[in-house]
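What follows is a set of notes on a single structure, which appears directly below.
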Amino acid sequence: MSNIVNAMYNIRQFDELARRDSLIHRMHPLAKLLATLVYTVLLVSYDKYATIALLPFVFFPVYVAAAAKIPLEPLLKRLLYIEPMIVGIGLLNPLFDHGTVVVLGYAISSGWLIFLSIFLKGTLAVTSALLLIATTGMDGVALSLRKLMVPKIFVLQMMLTYRYISVLLEEAARTVQAYDLRAFSSQRLKREVWGPLLGQILIRTMDRAQRIYDAMCLRGFSGEYCIGKAARPGWKDIIYVMTWGVLSAAFRGINLPLWLGNLLTGAGK
Amino acid sequence: MHMADALISPAVGATMWAATAGAAAYSIKKVQSKLDDKKIPLMGVMGAFIFAAQMINFSIPGTGSSGHLGGGLILAILLGPYAGFLAMASILIIQALFFADGGLLALGCNIFNLGFFTCFVAYPLVYKNMIGKEFFAKRIIIASMVTAIIGLQLGAFGVVLETLFSGKTELPFSSFVLLMQPIHLAIGIVEGLVTAAAVSFVWKARPEIMEKAALNQALGALPIKKVMIGLAAIAVFTGAVLSWFASSHPDGLEWSMFKTSGKEELEASGNIHQKLAAIQGETAFLPDYGFKAAGKIEPTEEQTEKWPAVNGGTSLSGLVGGMMTLLLAAFMGFIINVKNKVKKRSE
């Protein structure tokens, strides 16, 4: 039950964030999608031991979050949900990688570097993806998919899924609540009711699909779902993609933290 | 069982994107040619249904724990493999975007692992054969169970292989397989039980829905061979091209530098380098600290081989530089925030 409420809250919250107005929000959705994709690909292209070299990749999410005025709290909350999985896989590495490295005079297992690397990559990739949806919204994503020549039927079907998620989540929540009120039990459903409960929702869903289709026909549906007209990407959008593309590539090519560190400590002269 | 971006390499990510895009393009073609408009809302709403159903916790008898529905198989049963695959892809895209379940680059892997194996392998090869021409309650239950387990086992194995090929983690193949397959056997049983319960309920309550879905191979019978050959071709091609870029010697970036400049790494030379060195000498507030402390530790052979870039000296520089980088990023965020506030006040 709390699962369902959380999911509804989460979707609504990101929807609201996406409706705000800022420099980033006004960017063309395609520009934001491309910038995020280039960033992610370069980020995960680091080898498994890369840790400090990854840090300049912090600039992109920080910039987007600040420029788009996205509050940190919902982002961090989402990250907390996801982090256990990333940490879980990462934590096994110190067990399997028996190499050692010396950091500041201390020898540690190089598996810890892999762990740290996975943790950083995971956190940064997740944050940038969340920022994409928080500044673009589902309509924007659909729009950029159409621009990328993804067939109409797929985008249409995805948009309908998205539209009806909140409706069906509410329906599922009501059904589960009705069960809870009558069963006086835990929030888990006993085996006897698996079929009837899920099947009921399923049948109602299919009937609903029929009604939706009828309603769509009455409103003149002809296989076209109007997402809205997209302005053509302007020079600002091109500059945005170019800037972050070039910066990400530069960060990937030059080890900025090491260079900065050398500059400050005078090492490597 | 969602893959995360952090665990895959760009080559694996792109290969799986290509394979998934291929499967999706083929499905779209199939669905489009046979589809009446009616199926579109059904596909959408069914996707939303699976999304909602995944949030419901079912108690697992005898264990005290709970599980939830995965959904790939129900979609394949009620919509047919092509529409089912597309609906699953939409669900995973929405989950990746709103819930960060699996990243953007890993999306190809996830759609493939959770959608392809259930809709295009387990469903046509196992479920269809087991269920036969007529529906019986028992047959539905057994077929759903077996198909769900096989589909999930294949998906889990996909995760293992993709992780292995990416080389971002040190988990040995055998340990990873031994970890993944049994866990997903348990999950597969739950998925199978829930699917079977739901499907047989629908069959009892509204048999026409099931019969229609089965007859409505309007969405196409499955020439599995054709799909497989096409996908294998795409995957091999992308994999071959990308793995060359991705191999560490030379890696893509070094390779392109080598091509454009004739050197694998650009040497800073001449005046600029000397000037920078001079600036460096003046700005260093921790001069030579790291090197003297670290000079005593001789790197062993293994560590030079494992991570050649690390020695005591560079690690201090790296840590200091890393801190500086983070401070700079935080400073940038702070400045933009202040600017935003000033702008708001002046409005």
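Starting from 1 in every chain, residues are counted up; chains themselves are A, B, ... following the order of the structure tokens, and ligands are numbered from 1 as listed.
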Which of stretch 43-200 of chain A fall in strand (DSSP E), as a count of residues only: 8
Nearest to B:Ser9 by atom-to-atom distance, counting only C-alpha atoms, from B:Leu185, B:Ala156, B:Val126, B:Ala106: B:Ala106
Grab the atom CA of A:Pro56 to atom CA of B:Ala100 distance for me, in Å with one decimal place.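 These two atoms are separated by 21.7 Å.
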Using only C-alpha atoms: which of B:Gly13, B:Gly44, B:Gly22, B:Gly84 has the shortest distance to chain A: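 Of B:Gly13, B:Gly44, B:Gly22, B:Gly84, the one nearest chain A, counting only C-alpha atoms, is B:Gly44.
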Near A:Gly90, counting only C-alpha atoms, which residues have an atom at most 9 Å away, once you skip same-chain residues fewer than 6 positions from it, shown as a ChimeraX atom specification? /A:111-112,114-119 /B:169
Using Å and a single decimal, report how far atom CA of A:Gly140 sits from atom CA of A:Ala231.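 A separation of 11.4 Å between them.
Nearest residue to chain A, choosing from B:Ala197, B:Leu73, B:Val342, B:Ile142 and counting only C-alpha atoms: B:Ala197.
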Excluding A:Ala209 and any residue of its chain fewer than 4 positions from it, enumerate the residues within 9 Å of it, using only C-alpha atoms, and give them as a ChimeraX atom specification. /A:204-205,213-214 /B:38-46
For the atom pair atom CA of B:Cys119 and atom CA of B:Leu75, what is the interatomic distance in Å to one decimal place? 8.1 Å
So that I can check the surroundings of A:Pro74, please list as an MDAnalysis selection string every protein, DNA and RNA residue that reaches within 9 Å of it, counting only C-alpha atoms and ignoring chain neighbours fewer than 3 positions away. chainID A and resid 10 13:14 70:71 77:79
So that I can see what lies close to A:Ile11, please list as a list in words the residues with an atom at most 9 Å from it, counting only C-alpha atoms and leaving out residues fewer than 5 positions away in the same chain.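 Here the qualifying residues turn out to be Asn6, Glu16 and Ser166 of chain A; Phe98 and Phe99 of chain B.
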A:Leu34 surroundings by only C-alpha atoms, 10 Å radius, close-in-sequence under 3 positions cut, as a list in words: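 The residues satisfying every condition are Pro29, Leu30, Ala31, Leu37, Val38, Tyr39, Thr40, Ser144, Tyr240, Val241, Met242, Trp244 and Gly245 of chain A.
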